[in-house]
Amino acid sequence: MRRIVVALAIAAALFAVGYLASPYYAFYKLEQAAKAHDRDALEDDVDFPALRDDFKAQINAALLAKTGTDPHNPLVQLGLLIVPAILDRLIDSYVTPDGVATMLTDARAPMPGNRRDPEPHGHVRFDQGYDGLGRFKVTATEDRHPDKPLTFVLARRGLFGWKLVRIELPLQQVTSD
């Protein structure tokens, strides 16, 4: 009987460790896939439709905050009709396995104002932690641009699985670069 209790306690402890360590391992795999430019691994570990929709929402909100929403201004009304279509195409072309790999390795969003530097990027520091049991956040800061961190949000898929579902862009990166 004692052996069964010990075996169950060990099994429970291993399950808890695996459950709690799984997002750290998932992000490690994501980072390694980005460094190796492994498109298949990135496709498996990223929920691209959710990521693209979230990018569109973030950038639309940032642009609306910057330009205002005066309903009587005809230029604003025209912009509200044209900009979403342009943004959809632009975001679809940037939020790809290569784009996510760039964001993970450089800690910079691949936006038009953020072309890759020809020189090697600086050191990227990652701060990781849970944001609830089903969400895990990793904030990436590149030492040359500490004021423009990217935050990668992973969501739990099953007991041990995780997928990247959101990349929080710094507002100033969207509106000023």
# chains A, B, ... in the order shown; residues from 1 in each chain; ligands from 1
>>> residues_around(residues="range 130-142 of chain A", least_positions_apart="3", cutoff="6 Å", atoms="only C-alpha atoms", output="ChimeraX atom specification")
/A:107,123-127,145-146,149-156
>>> residues_around(residues="Lys56 in chain A", least_positions_apart="4", cutoff="9 Å", atoms="only C-alpha atoms", output="compact mmCIF listing (two decimals) with N, CA and C atoms, in the first residue's frame")
# COMPACT_ATOMS: atom_id res chain seq x y z
N LEU A 51 -3.51 35.51 -34.55
CA LEU A 51 -2.45 36.51 -34.48
C LEU A 51 -2.70 37.64 -35.48
N ARG A 52 -3.10 37.30 -36.69
CA ARG A 52 -3.38 38.34 -37.70
C ARG A 52 -4.57 39.21 -37.28
N ASN A 60 -5.44 49.06 -35.90
CA ASN A 60 -6.63 49.90 -36.12
C ASN A 60 -6.88 50.80 -34.93
N ALA A 61 -6.81 50.25 -33.72
CA ALA A 61 -7.04 51.05 -32.52
C ALA A 61 -6.00 52.14 -32.37
N PRO A 84 -8.67 50.08 -43.48
CA PRO A 84 -8.77 48.66 -43.10
C PRO A 84 -8.38 47.70 -44.23
N LEU A 87 -4.59 47.82 -44.49
CA LEU A 87 -3.99 47.16 -43.33
C LEU A 87 -4.13 45.65 -43.40
N ASP A 88 -5.28 45.17 -43.86
CA ASP A 88 -5.48 43.73 -43.97
C ASP A 88 -4.39 43.09 -44.83
N ILE A 91 -0.82 43.51 -43.10
CA ILE A 91 -0.63 42.60 -41.96
C ILE A 91 -0.53 41.16 -42.43
>>> closest_residue(among="A:Ala101, A:Val95, A:Leu90, A:Ala36", to="Asp54 in chain A", atoms="only C-alpha atoms")
A:Val95
>>> closest_residue(among="A:Asp106, A:Val6, A:Arg144, A:Arg89", to="Phe55 in chain A", atoms="only C-alpha atoms")
A:Arg89
>>> select_by_dssp(residues="range 77-151 of chain A", states="strand (DSSP E or B)", output="JSON, numbers by chain")
{"A": [124, 125, 126, 127, 128, 129, 130, 135, 136, 137, 138, 139, 140, 141, 142, 150, 151]}
>>> write_last_selection(atoms="all heavy atoms", output="CSV table (one decimal), in the first residue's frame")
chain,number,residue,atom,x,y,z
A,124,VAL,N,18.8,40.3,-27.0
A,124,VAL,CA,17.4,40.3,-26.6
A,124,VAL,C,17.2,39.5,-25.3
A,124,VAL,O,17.7,38.4,-25.1
A,124,VAL,CB,16.5,39.5,-27.7
A,124,VAL,CG1,15.1,39.5,-27.3
A,124,VAL,CG2,16.7,40.2,-29.0
A,125,ARG,N,16.5,40.2,-24.4
A,125,ARG,CA,16.2,39.7,-23.0
A,125,ARG,C,14.7,39.3,-23.0
A,125,ARG,O,13.9,40.0,-23.4
A,125,ARG,CB,16.5,40.7,-22.0
A,125,ARG,CG,16.4,40.2,-20.6
A,125,ARG,CD,16.9,41.2,-19.6
A,125,ARG,NE,16.3,42.6,-19.8
A,125,ARG,CZ,15.2,43.0,-19.2
A,125,ARG,NH1,14.5,42.2,-18.5
A,125,ARG,NH2,14.7,44.2,-19.5
A,126,PHE,N,14.5,38.1,-22.4
A,126,PHE,CA,13.1,37.6,-22.3
A,126,PHE,C,12.7,37.5,-20.8
A,126,PHE,O,13.4,36.9,-20.0
A,126,PHE,CB,13.0,36.2,-22.9
A,126,PHE,CG,13.2,36.2,-24.4
A,126,PHE,CD1,14.3,35.7,-24.9
A,126,PHE,CD2,12.2,36.6,-25.3
A,126,PHE,CE1,14.6,35.6,-26.3
A,126,PHE,CE2,12.4,36.6,-26.6
A,126,PHE,CZ,13.6,36.1,-27.1
A,127,ASP,N,11.6,38.1,-20.5
A,127,ASP,CA,11.0,38.0,-19.1
A,127,ASP,C,9.7,37.2,-19.3
A,127,ASP,O,8.8,37.6,-20.0
A,127,ASP,CB,10.7,39.4,-18.5
A,127,ASP,CG,11.9,40.2,-18.3
A,127,ASP,OD1,12.9,39.6,-17.8
A,127,ASP,OD2,11.9,41.4,-18.6
A,128,GLN,N,9.6,36.0,-18.6
A,128,GLN,CA,8.5,35.1,-18.8
A,128,GLN,C,7.7,34.9,-17.5
A,128,GLN,O,8.3,35.0,-16.4
A,128,GLN,CB,9.1,33.7,-19.2
A,128,GLN,CG,10.0,33.8,-20.4
A,128,GLN,CD,10.6,32.4,-20.8
A,128,GLN,OE1,10.1,31.4,-20.3
A,128,GLN,NE2,11.6,32.5,-21.6
A,129,GLY,N,6.5,34.7,-17.7
A,129,GLY,CA,5.6,34.4,-16.5
A,129,GLY,C,4.2,34.1,-16.9
A,129,GLY,O,3.7,34.5,-18.0
A,130,TYR,N,3.5,33.4,-16.0
A,130,TYR,CA,2.1,33.1,-16.2
A,130,TYR,C,1.3,34.4,-16.1
A,130,TYR,O,1.6,35.3,-15.3
A,130,TYR,CB,1.6,32.1,-15.1
A,130,TYR,CG,1.9,30.7,-15.5
A,130,TYR,CD1,3.0,30.0,-15.1
A,130,TYR,CD2,0.9,30.0,-16.2
A,130,TYR,CE1,3.2,28.7,-15.4
A,130,TYR,CE2,1.1,28.7,-16.6
A,130,TYR,CZ,2.3,28.0,-16.2
A,130,TYR,OH,2.5,26.7,-16.5
A,135,ARG,N,-2.9,31.3,-19.8
A,135,ARG,CA,-2.1,32.3,-20.6
A,135,ARG,C,-0.7,32.5,-20.0
A,135,ARG,O,-0.5,32.5,-18.8
A,135,ARG,CB,-2.8,33.7,-20.6
A,135,ARG,CG,-4.1,33.6,-21.3
A,135,ARG,CD,-4.9,34.9,-21.3
A,135,ARG,NE,-4.3,36.0,-21.9
A,135,ARG,CZ,-4.4,36.3,-23.2
A,135,ARG,NH1,-5.0,35.5,-24.0
A,135,ARG,NH2,-3.8,37.3,-23.8
A,136,PHE,N,0.2,32.7,-20.9
A,136,PHE,CA,1.6,32.8,-20.5
A,136,PHE,C,2.2,34.0,-21.4
A,136,PHE,O,2.0,34.0,-22.6
A,136,PHE,CB,2.4,31.5,-20.9
A,136,PHE,CG,3.8,31.5,-20.4
A,136,PHE,CD1,4.0,31.2,-19.0
A,136,PHE,CD2,4.8,31.6,-21.2
A,136,PHE,CE1,5.3,31.1,-18.6
A,136,PHE,CE2,6.1,31.6,-20.8
A,136,PHE,CZ,6.4,31.3,-19.4
A,137,LYS,N,2.9,34.9,-20.7
A,137,LYS,CA,3.4,36.1,-21.4
A,137,LYS,C,4.9,36.1,-21.3
A,137,LYS,O,5.5,35.8,-20.3
A,137,LYS,CB,2.9,37.4,-20.8
A,137,LYS,CG,1.5,37.7,-21.1
A,137,LYS,CD,1.1,39.1,-20.6
A,137,LYS,CE,-0.3,39.4,-21.0
A,137,LYS,NZ,-0.6,40.8,-20.7
A,138,VAL,N,5.5,36.4,-22.5
A,138,VAL,CA,7.0,36.6,-22.6
A,138,VAL,C,7.2,38.0,-23.2
A,138,VAL,O,6.8,38.3,-24.3
A,138,VAL,CB,7.6,35.5,-23.5
A,138,VAL,CG1,9.1,35.7,-23.6
A,138,VAL,CG2,7.2,34.1,-23.0
A,139,THR,N,7.9,38.8,-22.4
A,139,THR,CA,8.2,40.2,-22.9
A,139,THR,C,9.7,40.1,-23.4
A,139,THR,O,10.6,39.8,-22.6
A,139,THR,CB,8.0,41.2,-21.8
A,139,THR,OG1,6.7,41.2,-21.3
A,139,THR,CG2,8.4,42.6,-22.2
A,140,ALA,N,9.8,40.5,-24.6
A,140,ALA,CA,11.1,40.5,-25.3
A,140,ALA,C,11.6,42.0,-25.4
A,140,ALA,O,10.9,42.8,-26.0
A,140,ALA,CB,11.1,39.9,-26.6
A,141,THR,N,12.8,42.2,-24.9
A,141,THR,CA,13.3,43.6,-25.0
A,141,THR,C,14.7,43.5,-25.6
A,141,THR,O,15.6,42.8,-25.2
A,141,THR,CB,13.4,44.2,-23.6
A,141,THR,OG1,12.2,44.1,-23.0
A,141,THR,CG2,13.9,45.7,-23.7
A,142,GLU,N,14.9,44.3,-26.7
A,142,GLU,CA,16.2,44.3,-27.4
A,142,GLU,C,17.0,45.5,-26.7
A,142,GLU,O,16.4,46.5,-26.5
A,142,GLU,CB,16.0,44.5,-28.9
A,142,GLU,CG,17.2,44.2,-29.7
A,142,GLU,CD,18.0,45.4,-30.1
A,142,GLU,OE1,17.5,46.5,-30.0
A,142,GLU,OE2,19.2,45.2,-30.5
A,150,LEU,N,8.3,43.9,-27.1
A,150,LEU,CA,7.2,43.1,-27.7
A,150,LEU,C,6.8,42.1,-26.6
A,150,LEU,O,7.7,41.5,-25.9
A,150,LEU,CB,7.6,42.3,-28.9
A,150,LEU,CG,7.9,43.1,-30.2
A,150,LEU,CD1,8.3,42.2,-31.3
A,150,LEU,CD2,6.7,43.9,-30.6
A,151,THR,N,5.5,41.9,-26.5
A,151,THR,CA,5.1,40.8,-25.5
A,151,THR,C,4.4,39.7,-26.3
A,151,THR,O,3.4,40.0,-27.0
A,151,THR,CB,4.1,41.5,-24.5
A,151,THR,OG1,4.8,42.5,-23.8
A,151,THR,CG2,3.6,40.4,-23.5
>>> select_by_dssp(residues="chain A", states="helix (DSSP H, G or I)", output="PyMOL selection string")
chain A and resi 2-35+39-45+48-67+74-94+97-106+171-176
>>> residues_around(residues="Lys35 in chain A", least_positions_apart="6", cutoff="9 Å", atoms="only C-alpha atoms", output="JSON, numbers by chain")
{"A": [101, 102, 104, 105]}
>>> atom_distance(atom1="CA of Ser22 in chain A", atom2="CA of Arg39 in chain A")
21.4 Å
>>> atom_distance(atom1="CA of Pro97 in chain A", atom2="CA of Glu43 in chain A")
6.6 Å
>>> closest_residue(among="A:Gln58, A:Leu81, A:Ala33, A:Phe48", to="Ser93 in chain A", atoms="only C-alpha atoms")
A:Phe48
>>> atom_distance(atom1="CA of Leu42 in chain A", atom2="CA of Leu14 in chain A")
27.6 Å
>>> closest_residue(among="A:Leu159, A:Val100, A:Ile59, A:Leu30", to="Val83 in chain A", atoms="only C-alpha atoms")
A:Ile59
